[in-house]
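Asker: Compact mmCIF, C-alpha atoms, saved as start26.txt, coming up:
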```txt
# COMPACT_ATOMS: atom_id res chain seq x y z
CA MET A 1 -26.22 20.29 -26.14
CA ALA A 2 -28.65 22.50 -24.31
CA HIS A 3 -31.60 21.47 -26.38
CA ASP A 4 -32.27 19.02 -29.10
CA SER A 5 -34.37 19.73 -32.14
CA SER A 6 -35.55 16.17 -32.20
CA VAL A 7 -39.22 15.93 -31.32
CA MET A 8 -38.62 12.49 -29.92
CA GLN A 9 -37.19 14.15 -26.84
CA ALA A 10 -40.18 16.34 -26.20
CA GLY A 11 -41.99 15.34 -23.09
CA PRO A 12 -45.73 14.63 -22.96
CA GLY A 13 -46.27 18.01 -21.34
CA THR A 14 -44.72 19.96 -24.15
CA LYS A 15 -47.12 22.41 -25.69
CA PRO A 16 -47.64 22.30 -29.42
CA GLY A 17 -47.04 24.89 -32.08
CA SER A 18 -45.35 28.16 -31.36
CA ASP A 19 -44.65 27.22 -27.75
CA HIS A 20 -41.87 25.06 -29.15
CA ALA A 21 -40.36 28.16 -30.63
CA VAL A 22 -40.46 29.98 -27.34
CA ASP A 23 -38.94 27.03 -25.51
CA GLN A 24 -36.19 26.73 -28.05
CA HIS A 25 -35.37 30.40 -28.23
CA GLU A 26 -34.92 30.51 -24.48
CA GLU A 27 -32.20 27.91 -24.96
CA HIS A 28 -30.23 30.19 -27.28
CA PRO A 29 -27.80 32.51 -25.55
CA GLY A 30 -29.01 36.04 -25.03
CA GLU A 31 -27.66 39.36 -26.27
CA ARG A 32 -25.29 39.65 -23.32
CA VAL A 33 -23.56 36.39 -24.25
CA TYR A 34 -23.38 37.42 -27.91
CA ILE A 35 -21.76 40.75 -27.01
CA ASN A 36 -19.29 39.09 -24.64
CA VAL A 37 -18.35 36.58 -27.33
CA ALA A 38 -17.89 39.40 -29.86
CA ILE A 39 -15.62 41.28 -27.44
CA ILE A 40 -13.51 38.15 -26.95
CA LEU A 41 -13.30 37.63 -30.72
CA ALA A 42 -12.27 41.26 -31.24
CA VAL A 43 -9.58 41.01 -28.55
CA VAL A 44 -8.21 37.79 -30.05
CA THR A 45 -8.12 39.43 -33.50
CA LEU A 46 -6.26 42.40 -32.03
CA LEU A 47 -3.78 40.06 -30.34
CA GLU A 48 -3.24 38.24 -33.63
CA VAL A 49 -2.24 41.48 -35.31
CA VAL A 50 -0.09 42.63 -32.37
CA ILE A 51 1.94 39.42 -32.14
CA TYR A 52 2.49 39.58 -35.89
CA TYR A 53 4.77 42.56 -35.23
CA VAL A 54 6.52 41.11 -32.16
CA ASP A 55 9.88 39.71 -33.22
CA ALA A 56 10.51 38.06 -29.86
CA ILE A 57 7.94 35.33 -30.52
CA SER A 58 8.64 34.81 -34.19
CA GLY A 59 9.68 31.22 -33.43
CA ILE A 60 6.21 30.27 -32.23
CA LEU A 61 4.24 32.79 -34.28
CA VAL A 62 2.76 30.36 -36.79
CA PRO A 63 1.39 27.78 -34.30
CA THR A 64 0.13 30.59 -32.06
CA LEU A 65 -1.72 32.24 -34.95
CA ILE A 66 -3.24 28.93 -36.04
CA ILE A 67 -4.44 28.14 -32.50
CA MET A 68 -5.98 31.62 -32.15
CA SER A 69 -7.65 31.31 -35.54
CA LEU A 70 -9.00 27.88 -34.63
CA ALA A 71 -10.36 29.25 -31.34
CA LYS A 72 -12.17 32.06 -33.19
CA PHE A 73 -13.55 29.57 -35.73
CA VAL A 74 -14.93 27.25 -33.05
CA THR A 75 -16.37 30.15 -31.05
CA VAL A 76 -18.28 31.59 -33.99
CA VAL A 77 -19.59 28.18 -35.02
CA GLY A 78 -20.53 27.26 -31.46
CA TYR A 79 -22.15 30.49 -30.28
CA PHE A 80 -23.17 32.57 -33.30
CA MET A 81 -24.17 29.59 -35.45
CA HIS A 82 -25.65 27.90 -32.36
CA LEU A 83 -24.06 24.51 -32.99
CA LYS A 84 -23.29 24.33 -29.27
CA TYR A 85 -27.01 24.49 -28.58
CA ASP A 86 -28.53 22.87 -31.66
CA ASP A 87 -29.24 19.30 -32.57
CA ARG A 88 -26.04 17.28 -32.73
CA ARG A 89 -26.87 16.05 -36.24
CA PHE A 90 -26.15 19.52 -37.61
CA SER A 91 -22.67 19.26 -36.09
CA TYR A 92 -22.16 15.87 -37.71
CA ILE A 93 -23.13 17.20 -41.15
CA PHE A 94 -20.90 20.25 -40.88
CA SER A 95 -18.01 18.24 -39.44
CA ALA A 96 -18.21 15.81 -42.36
CA GLY A 97 -17.55 18.63 -44.84
CA LEU A 98 -14.90 20.19 -42.65
CA ILE A 99 -13.02 16.93 -42.09
CA THR A 100 -13.14 16.13 -45.81
CA ALA A 101 -11.74 19.57 -46.63
CA VAL A 102 -8.91 19.19 -44.12
CA ALA A 103 -8.20 15.64 -45.34
CA VAL A 104 -7.92 16.85 -48.95
CA PHE A 105 -5.59 19.62 -47.84
CA VAL A 106 -3.37 17.22 -45.89
CA ALA A 107 -3.34 14.72 -48.76
CA VAL A 108 -2.28 17.35 -51.29
CA ALA A 109 0.34 18.72 -48.90
CA VAL A 110 1.78 15.24 -48.37
CA MET A 111 1.83 14.64 -52.12
CA GLN A 112 3.74 17.88 -52.60
CA ALA A 113 6.15 17.14 -49.79
CA TYR A 114 6.88 13.64 -51.08
CA GLU A 115 6.68 14.44 -54.74
CA HIS A 116 9.41 12.01 -55.65
CA VAL A 117 7.44 9.15 -54.09
CA VAL A 118 4.32 10.11 -56.06
CA GLU A 119 6.37 10.32 -59.25
CA PHE A 120 7.81 6.87 -58.56
CA PHE A 121 4.35 5.32 -58.28
CA THR A 122 3.02 7.30 -61.22
CA ALA A 123 5.86 6.08 -63.41
CA ALA A 124 5.29 2.50 -62.29
CA SER A 125 1.56 2.67 -62.93
CA PRO A 126 0.30 0.93 -66.09
CA PHE A 127 -2.34 3.67 -66.41
CA MET B 1 -46.12 3.76 -24.67
CA ALA B 2 -43.78 6.72 -24.39
CA HIS B 3 -42.67 6.03 -27.91
CA VAL B 4 -46.26 6.12 -29.15
CA VAL B 5 -46.74 9.47 -27.43
CA ASP B 6 -43.58 10.82 -29.04
CA ILE B 7 -44.65 9.71 -32.50
CA ALA B 8 -48.01 11.35 -31.94
CA GLN B 9 -46.23 14.53 -31.05
CA VAL B 10 -44.22 14.37 -34.24
CA GLN B 11 -47.45 14.21 -36.19
CA THR B 12 -49.17 16.86 -34.11
CA HIS B 13 -46.39 19.36 -33.96
CA GLY B 14 -45.41 19.37 -37.57
CA ALA B 15 -41.71 19.72 -38.27
CA GLY B 16 -41.03 19.60 -34.61
CA HIS B 17 -38.78 21.56 -32.37
CA ASP B 18 -36.60 22.88 -35.06
CA ALA B 19 -39.45 23.87 -37.23
CA GLY B 20 -40.68 25.59 -34.13
CA HIS B 21 -38.20 28.28 -34.98
CA GLY B 22 -40.40 29.11 -37.90
CA HIS B 23 -43.85 28.16 -39.02
CA ALA B 24 -45.79 25.89 -36.72
CA ASP B 25 -47.85 24.51 -39.59
CA HIS B 26 -44.99 22.87 -41.45
CA PRO B 27 -45.57 19.27 -42.42
CA PRO B 28 -43.79 16.69 -40.25
CA THR B 29 -40.32 15.58 -41.33
CA SER B 30 -38.79 12.15 -40.96
CA THR B 31 -35.85 13.58 -39.03
CA GLY B 32 -37.81 15.91 -36.79
CA LEU B 33 -35.55 18.69 -38.06
CA ASP B 34 -36.55 21.48 -40.37
CA HIS B 35 -35.40 20.49 -43.83
CA ARG B 36 -34.43 24.02 -44.80
CA LYS B 37 -32.00 24.27 -41.90
CA LEU B 38 -30.73 20.77 -42.61
CA LEU B 39 -30.18 21.73 -46.23
CA MET B 40 -28.32 24.89 -45.24
CA TRP B 41 -25.94 22.92 -43.03
CA ALA B 42 -25.40 20.43 -45.86
CA PHE B 43 -24.65 23.35 -48.19
CA LEU B 44 -22.21 24.84 -45.69
CA ALA B 45 -20.46 21.48 -45.37
CA ASN B 46 -20.18 21.46 -49.16
CA ASP B 47 -18.89 25.02 -49.17
CA CYS B 48 -16.28 23.98 -46.60
CA MET B 49 -14.90 21.58 -49.20
CA PHE B 50 -15.03 24.29 -51.86
CA PHE B 51 -13.04 26.78 -49.79
CA GLY B 52 -10.89 23.95 -48.46
CA ALA B 53 -9.78 23.22 -52.02
CA LEU B 54 -9.06 26.89 -52.75
CA ILE B 55 -7.17 27.39 -49.48
CA ALA B 56 -5.23 24.16 -50.04
CA THR B 57 -4.24 25.34 -53.51
CA TYR B 58 -3.09 28.67 -52.12
CA MET B 59 -1.12 27.07 -49.31
CA ILE B 60 0.51 24.44 -51.50
CA TYR B 61 2.03 27.08 -53.74
CA ARG B 62 2.59 29.59 -50.97
CA GLY B 63 6.27 30.36 -50.88
CA ARG B 64 7.15 27.64 -53.37
CA ALA B 65 5.84 29.48 -56.40
CA GLU B 66 6.63 33.07 -55.60
CA SER B 67 9.74 32.96 -57.70
CA VAL B 68 7.69 31.93 -60.73
CA GLY B 69 6.64 34.88 -62.81
CA THR B 70 7.33 38.48 -61.93
CA GLY B 71 6.54 40.53 -58.82
CA PRO B 72 4.96 41.97 -56.84
CA PHE B 73 5.09 39.24 -54.23
CA PRO B 74 3.03 38.97 -51.03
CA SER B 75 5.73 40.23 -48.68
CA GLU B 76 5.91 43.40 -50.76
CA ILE B 77 2.24 44.10 -51.23
CA LEU B 78 0.01 42.82 -48.39
CA ASP B 79 -1.18 45.54 -46.02
CA ILE B 80 -1.81 43.92 -42.63
CA PRO B 81 -3.27 46.95 -40.75
CA TYR B 82 -5.73 47.62 -43.57
CA THR B 83 -6.88 44.01 -43.78
CA SER B 84 -7.11 43.81 -39.98
CA VAL B 85 -9.77 46.53 -40.08
CA SER B 86 -11.66 44.58 -42.76
CA ALA B 87 -11.46 41.43 -40.63
CA PHE B 88 -12.76 43.36 -37.62
CA VAL B 89 -15.65 44.77 -39.67
CA LEU B 90 -16.70 41.31 -40.83
CA LEU B 91 -16.38 39.94 -37.31
CA MET B 92 -18.64 42.67 -35.96
CA SER B 93 -21.17 41.95 -38.71
CA SER B 94 -21.53 38.50 -37.19
CA LEU B 95 -22.49 40.16 -33.91
CA THR B 96 -25.11 42.39 -35.56
CA MET B 97 -26.46 39.30 -37.35
CA VAL B 98 -27.08 37.36 -34.14
CA LEU B 99 -28.55 40.48 -32.53
CA ALA B 100 -30.99 40.73 -35.45
CA LEU B 101 -32.02 37.12 -34.88
CA ALA B 102 -32.33 37.60 -31.12
CA ALA B 103 -34.50 40.68 -31.66
CA LEU B 104 -36.79 38.86 -34.09
CA GLN B 105 -37.10 35.87 -31.75
CA LYS B 106 -38.30 38.28 -29.05
CA GLY B 107 -40.77 39.85 -31.46
CA ASP B 108 -38.85 43.12 -31.73
CA LEU B 109 -39.38 43.70 -35.46
CA ARG B 110 -37.92 47.21 -35.50
CA GLY B 111 -34.79 46.05 -33.70
CA SER B 112 -34.33 43.13 -36.07
CA ARG B 113 -34.61 45.46 -39.08
CA ILE B 114 -32.01 47.82 -37.67
CA TRP B 115 -29.57 44.98 -37.01
CA ILE B 116 -30.18 43.41 -40.43
CA LEU B 117 -29.45 46.77 -42.03
CA ALA B 118 -26.32 47.17 -39.88
CA THR B 119 -25.13 43.72 -40.96
CA ALA B 120 -25.69 44.53 -44.63
CA LEU B 121 -23.85 47.83 -44.22
CA LEU B 122 -20.86 46.18 -42.54
CA GLY B 123 -20.81 43.57 -45.30
CA THR B 124 -20.86 46.33 -47.90
CA ILE B 125 -17.96 48.08 -46.16
CA PHE B 126 -16.02 44.82 -46.28
CA ILE B 127 -16.69 44.37 -50.00
CA GLY B 128 -15.76 48.01 -50.62
CA GLY B 129 -12.50 47.42 -48.77
CA GLN B 130 -11.78 44.36 -50.84
CA TYR B 131 -12.52 46.22 -54.06
CA PHE B 132 -10.09 48.95 -52.99
CA GLU B 133 -7.45 46.34 -52.11
CA PHE B 134 -7.84 44.55 -55.45
CA THR B 135 -7.62 47.86 -57.32
CA GLU B 136 -4.49 48.86 -55.43
CA PHE B 137 -2.86 45.51 -56.12
CA TYR B 138 -3.73 45.76 -59.79
CA HIS B 139 -2.22 49.24 -60.02
CA GLU B 140 0.93 47.88 -58.41
CA GLY B 141 1.14 45.28 -61.15
CA LEU B 142 -0.48 42.22 -59.59
CA SER B 143 -3.13 40.41 -61.61
CA LEU B 144 -4.35 36.85 -62.08
CA GLN B 145 -1.64 36.31 -64.68
CA THR B 146 1.29 38.05 -63.01
CA ASN B 147 2.50 35.17 -60.87
CA MET B 148 1.31 32.19 -58.84
CA PHE B 149 0.56 34.38 -55.85
CA GLY B 150 -1.70 36.63 -57.95
CA ALA B 151 -3.53 33.66 -59.46
CA THR B 152 -4.23 31.88 -56.15
CA PHE B 153 -4.78 35.04 -54.10
CA PHE B 154 -7.37 36.61 -56.41
CA THR B 155 -9.16 33.30 -56.90
CA LEU B 156 -9.43 32.60 -53.16
CA THR B 157 -10.29 36.07 -51.89
CA GLY B 158 -12.40 36.82 -54.97
CA PHE B 159 -14.65 33.82 -54.35
CA HIS B 160 -14.94 34.84 -50.71
CA GLY B 161 -15.91 38.36 -51.76
CA PHE B 162 -18.49 36.86 -54.09
CA HIS B 163 -19.96 34.92 -51.17
CA VAL B 164 -20.13 38.11 -49.07
CA THR B 165 -21.86 39.90 -51.95
CA ILE B 166 -24.49 37.15 -52.14
CA GLY B 167 -24.90 37.47 -48.36
CA VAL B 168 -25.48 41.23 -48.58
CA ILE B 169 -28.08 40.75 -51.32
CA TRP B 170 -29.76 38.08 -49.19
CA LEU B 171 -29.77 40.38 -46.13
CA LEU B 172 -31.25 43.27 -48.10
CA THR B 173 -33.91 40.91 -49.43
CA MET B 174 -34.76 39.87 -45.86
CA LEU B 175 -34.96 43.53 -44.88
CA PHE B 176 -37.30 44.22 -47.77
CA VAL B 177 -39.47 41.23 -46.82
CA SER B 178 -39.50 42.43 -43.20
CA LEU B 179 -40.55 45.94 -44.21
CA ARG B 180 -43.37 44.42 -46.24
CA GLY B 181 -44.53 42.57 -43.11
CA GLY B 182 -43.38 39.14 -44.24
CA LEU B 183 -40.84 38.50 -41.50
CA LYS B 184 -42.44 38.01 -38.11
CA GLN B 185 -41.46 36.36 -34.87
CA GLU B 186 -42.73 32.97 -36.05
CA ASP B 187 -40.53 33.29 -39.18
CA SER B 188 -37.31 33.57 -37.21
CA LEU B 189 -35.97 30.37 -38.74
CA ASP B 190 -35.80 32.17 -42.09
CA LEU B 191 -33.47 34.75 -40.55
CA GLU B 192 -31.54 32.08 -38.67
CA ILE B 193 -30.77 30.33 -41.98
CA THR B 194 -29.61 33.64 -43.47
CA GLY B 195 -27.45 34.08 -40.40
CA LEU B 196 -25.89 30.64 -40.81
CA TYR B 197 -24.70 31.63 -44.28
CA TRP B 198 -23.44 34.98 -43.04
CA HIS B 199 -21.49 33.50 -40.14
CA PHE B 200 -19.99 30.98 -42.52
CA VAL B 201 -18.45 33.69 -44.70
CA ASP B 202 -17.09 35.15 -41.47
CA ILE B 203 -15.39 31.92 -40.38
CA VAL B 204 -13.93 31.46 -43.85
CA TRP B 205 -12.41 34.93 -43.55
CA ILE B 206 -11.02 34.05 -40.10
CA VAL B 207 -9.08 31.25 -41.78
CA ILE B 208 -8.06 33.31 -44.83
CA PHE B 209 -6.92 36.23 -42.67
CA THR B 210 -4.54 34.00 -40.75
CA LEU B 211 -3.23 31.79 -43.54
CA VAL B 212 -2.99 34.38 -46.31
CA TYR B 213 -2.19 37.59 -44.44
CA LEU B 214 -0.77 36.96 -40.98
CA ILE B 215 1.55 34.00 -41.41
CA PRO B 216 4.77 35.70 -42.55
CA TYR B 217 6.17 35.21 -46.03
CA GLU B 218 9.82 34.60 -46.70
CA GLU B 219 11.57 37.26 -48.68
CA VAL B 220 12.00 36.31 -52.32
CA GLU B 221 15.70 35.80 -52.84
CA SER B 222 16.20 32.86 -55.09
CA ALA B 223 15.32 33.21 -58.73
CA GLU B 224 15.49 29.43 -59.08
CA PRO B 225 11.91 28.22 -59.43
CA ALA B 226 10.84 24.73 -58.57
CA GLU B 227 10.29 22.85 -61.80
CA HIS B 228 6.78 21.63 -60.96
CA ALA B 229 5.74 25.14 -59.93
CA ARG B 230 6.99 26.48 -63.25
CA HIS B 231 4.98 23.80 -65.08
CA VAL B 232 1.78 24.46 -63.08
CA PHE B 233 2.16 28.18 -63.57
CA ASP B 234 2.59 27.79 -67.33
CA VAL B 235 -0.51 25.60 -67.56
CA GLY B 236 -2.47 28.06 -65.41
CA GLN B 237 -1.38 30.98 -67.51
CA ARG B 238 -2.53 29.21 -70.67
CA LEU B 239 -5.90 28.40 -69.04
CA VAL B 240 -6.39 32.01 -67.97
CA GLY B 241 -5.55 33.02 -71.52
CA VAL B 242 -8.20 30.67 -72.88
CA VAL B 243 -10.87 31.83 -70.41
CA PHE B 244 -10.22 35.56 -70.67
```
Translate this structure into structure tokens?
Answerer:
Amino acid sequence: MAHDSSVMQAGPGTKPGSDHAVDQHEEHPGERVYINVAIILAVVTLLEVVIYYVDAISGILVPTLIIMSLAKFVTVVGYFMHLKYDDRRFSYIFSAGLITAVAVFVAVAVMQAYEHVVEFFTAASPF
Amino acid sequence: MAHVVDIAQVQTHGAGHDAGHGHADHPPTSTGLDHRKLLMWAFLANDCMFFGALIATYMIYRGRAESVGTGPFPSEILDIPYTSVSAFVLLMSSLTMVLALAALQKGDLRGSRIWILATALLGTIFIGGQYFEFTEFYHEGLSLQTNMFGATFFTLTGFHGFHVTIGVIWLLTMLFVSLRGGLKQEDSLDLEITGLYWHFVDIVWIVIFTLVYLIPYEEVESAEPAEHARHVFDVGQRLVGVVF
């Protein structure tokens, strides 16, 4: 975390008002970083599409695509949404929603995969 | 003593560092974070769950429910090269969005307006592409009621398109405010919050693009539908009939 939004970390010498803004903006990556990140994202997207048509790696296509997608997701959140640089509490809030969403997905997938088990418990339930 | 100094700074400097992105005269907050940005992150966490539910629904019935109802099915209808261009356009709109913010933070108002306009244009191109895709699919016989793929696909991508549309309207509003002189360097937090929303619709599309489009579908061979999928599809079809 390059900077923290919490005022409690500001030193006694920190200037008030808009100087905070200047300090904080200097912590954000500049245009050069943004453009480099965008180029990387574009290349990864291109690779995703290319490997889709390559039969030789069809066995590992799905995990490869998911890893690439995850990498793009984390990069956009970290650099473009500034979570890498922002107060960690923003990350906690966002992660809470994300983890809940993934947990719901996994739970439903497990219920579908073990449908007979769910039906067994449903039938046995007095409700 | 250091603690006392810090507290004094909280009171002196208003909403603190994070509020420093925007107006320096904001009232102090108990967290030291700007509440608008905090609220946006909470909303995005909530939207994660919303899209998580839609994506989960799509994935659960992906492949299992294709044999329910009539075609066309995803392996017959999805156009990967076309959607790849749409994905690229949305990805680049994220770049123009951060460039708009960077320009505003440096006080380059003209630059920020150009990049905001570019972002809105790229978003509009994406929506136009989605409209064209939906129209093509409909002409090929795929609708919400055709089969399970149609129902889950249009619901998921339609809600995403709706989010992008809201984002474009928001961006154009920010551009209008900027042209009226209401978006200055000290207001950069306002644009940063807009950007958070915009980047979120981008990351949702990153996930949708992979899970819906790129992961290959099995060819539909068996006409033997899973019983639960048949039941869910029947219920869904009745619900769609009630709503529309």
Asker: Using all atoms listed in the file, which of the listed residues (A:Val77, A:Ser58, A:Thr45, A:Arg32) sits closest to Val201 of chain B?
Answerer: A:Val77
Asker: So, counting all atoms listed in the file, which residue among A:Val110, A:Val62, A:Val50, A:Ile40 is closest to chain B?
Answerer: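 Answer, going by the shortest atom-to-atom distance: A:Val62.
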Asker: What lies within 8 Å of segment 168-174 of chain B using only C-alpha atoms, ignoring chain neighbours under 4 positions off, as a PDB file with C-alpha atoms, in the frame of the given file?
Answerer:
```pdb
ATOM      1  CA  ILE B 116     -30.180  43.410 -40.430  1.00  0.00           C
ATOM      2  CA  LEU B 117     -29.450  46.770 -42.030  1.00  0.00           C
ATOM      3  CA  THR B 119     -25.130  43.720 -40.960  1.00  0.00           C
ATOM      4  CA  ALA B 120     -25.690  44.530 -44.630  1.00  0.00           C
ATOM      5  CA  GLY B 123     -20.810  43.570 -45.300  1.00  0.00           C
ATOM      6  CA  THR B 124     -20.860  46.330 -47.900  1.00  0.00           C
ATOM      7  CA  VAL B 164     -20.130  38.110 -49.070  1.00  0.00           C
ATOM      8  CA  SER B 178     -39.500  42.430 -43.200  1.00  0.00           C
ATOM      9  CA  LEU B 183     -40.840  38.500 -41.500  1.00  0.00           C
ATOM     10  CA  LEU B 191     -33.470  34.750 -40.550  1.00  0.00           C
ATOM     11  CA  THR B 194     -29.610  33.640 -43.470  1.00  0.00           C
TER      12      THR B 194
END
```
Asker: Pick the closest to Arg180 of chain B from B:Ile208, B:Leu142, B:Ala100, B:Leu109: which is it, counting only C-alpha atoms?
Answerer: B:Leu109
Asker: For atom CA of Pro28 of chain B and atom CA of Asp190 of chain B, quote the distance in Å rounded to one decimal.
Answerer: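 Separation between atom CA of Pro28 of chain B and atom CA of Asp190 of chain B: 17.5 Å.
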Asker: Counting all atoms listed in the file, figure out which residue out of B:Ala102, B:Leu179, B:Ile127, B:Ala42 gets nearest to Val33 of chain A.
Answerer: B:Ala102
Asker: Please determine, counting only C-alpha atoms, which residue among B:Pro74, B:Gly32, B:Gly161, B:Gly195 has the shortest atom-to-atom distance to Gly128 of chain B.
Answerer: B:Gly161
Asker: For atom CA of Ile66 of chain A and atom CA of Val207 of chain B, quote the distance in Å rounded to one decimal.
Answerer: 8.5 Å
Asker: My structure is short of atoms at segment 113-127 of chain B; please model N, CA and C atoms there, returning them as a short mmCIF file (atom, residue, chain, number, x, y, z; two decimals), in the coordinates of the input.
Answerer:
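In the end it all went to part-v8.cif:
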```
data_model
loop_
_atom_site.label_atom_id
_atom_site.label_comp_id
_atom_site.auth_asym_id
_atom_site.auth_seq_id
_atom_site.Cartn_x
_atom_site.Cartn_y
_atom_site.Cartn_z
N ARG B 113 -34.87 44.75 -37.82
CA ARG B 113 -34.61 45.46 -39.08
C ARG B 113 -33.34 46.31 -38.98
N ILE B 114 -33.21 46.97 -37.85
CA ILE B 114 -32.01 47.82 -37.67
C ILE B 114 -30.74 46.97 -37.72
N TRP B 115 -30.77 45.83 -37.04
CA TRP B 115 -29.57 44.98 -37.01
C TRP B 115 -29.31 44.32 -38.36
N ILE B 116 -30.38 43.98 -39.07
CA ILE B 116 -30.18 43.41 -40.43
C ILE B 116 -29.52 44.46 -41.32
N LEU B 117 -30.02 45.69 -41.23
CA LEU B 117 -29.45 46.77 -42.03
C LEU B 117 -27.99 47.01 -41.65
N ALA B 118 -27.71 46.98 -40.35
CA ALA B 118 -26.32 47.17 -39.88
C ALA B 118 -25.42 46.08 -40.43
N THR B 119 -25.92 44.84 -40.43
CA THR B 119 -25.13 43.72 -40.96
C THR B 119 -24.83 43.92 -42.44
N ALA B 120 -25.88 44.31 -43.19
CA ALA B 120 -25.69 44.53 -44.63
C ALA B 120 -24.70 45.67 -44.88
N LEU B 121 -24.77 46.70 -44.06
CA LEU B 121 -23.85 47.83 -44.22
C LEU B 121 -22.40 47.41 -43.94
N LEU B 122 -22.21 46.65 -42.87
CA LEU B 122 -20.86 46.18 -42.54
C LEU B 122 -20.33 45.27 -43.65
N GLY B 123 -21.22 44.43 -44.18
CA GLY B 123 -20.81 43.57 -45.30
C GLY B 123 -20.42 44.39 -46.51
N THR B 124 -21.17 45.46 -46.77
CA THR B 124 -20.86 46.33 -47.90
C THR B 124 -19.52 47.03 -47.70
N ILE B 125 -19.26 47.45 -46.46
CA ILE B 125 -17.96 48.08 -46.16
C ILE B 125 -16.83 47.09 -46.43
N PHE B 126 -17.05 45.84 -46.04
CA PHE B 126 -16.02 44.82 -46.28
C PHE B 126 -15.77 44.65 -47.78
N ILE B 127 -16.84 44.55 -48.54
CA ILE B 127 -16.69 44.37 -50.00
C ILE B 127 -16.00 45.60 -50.62
#
```
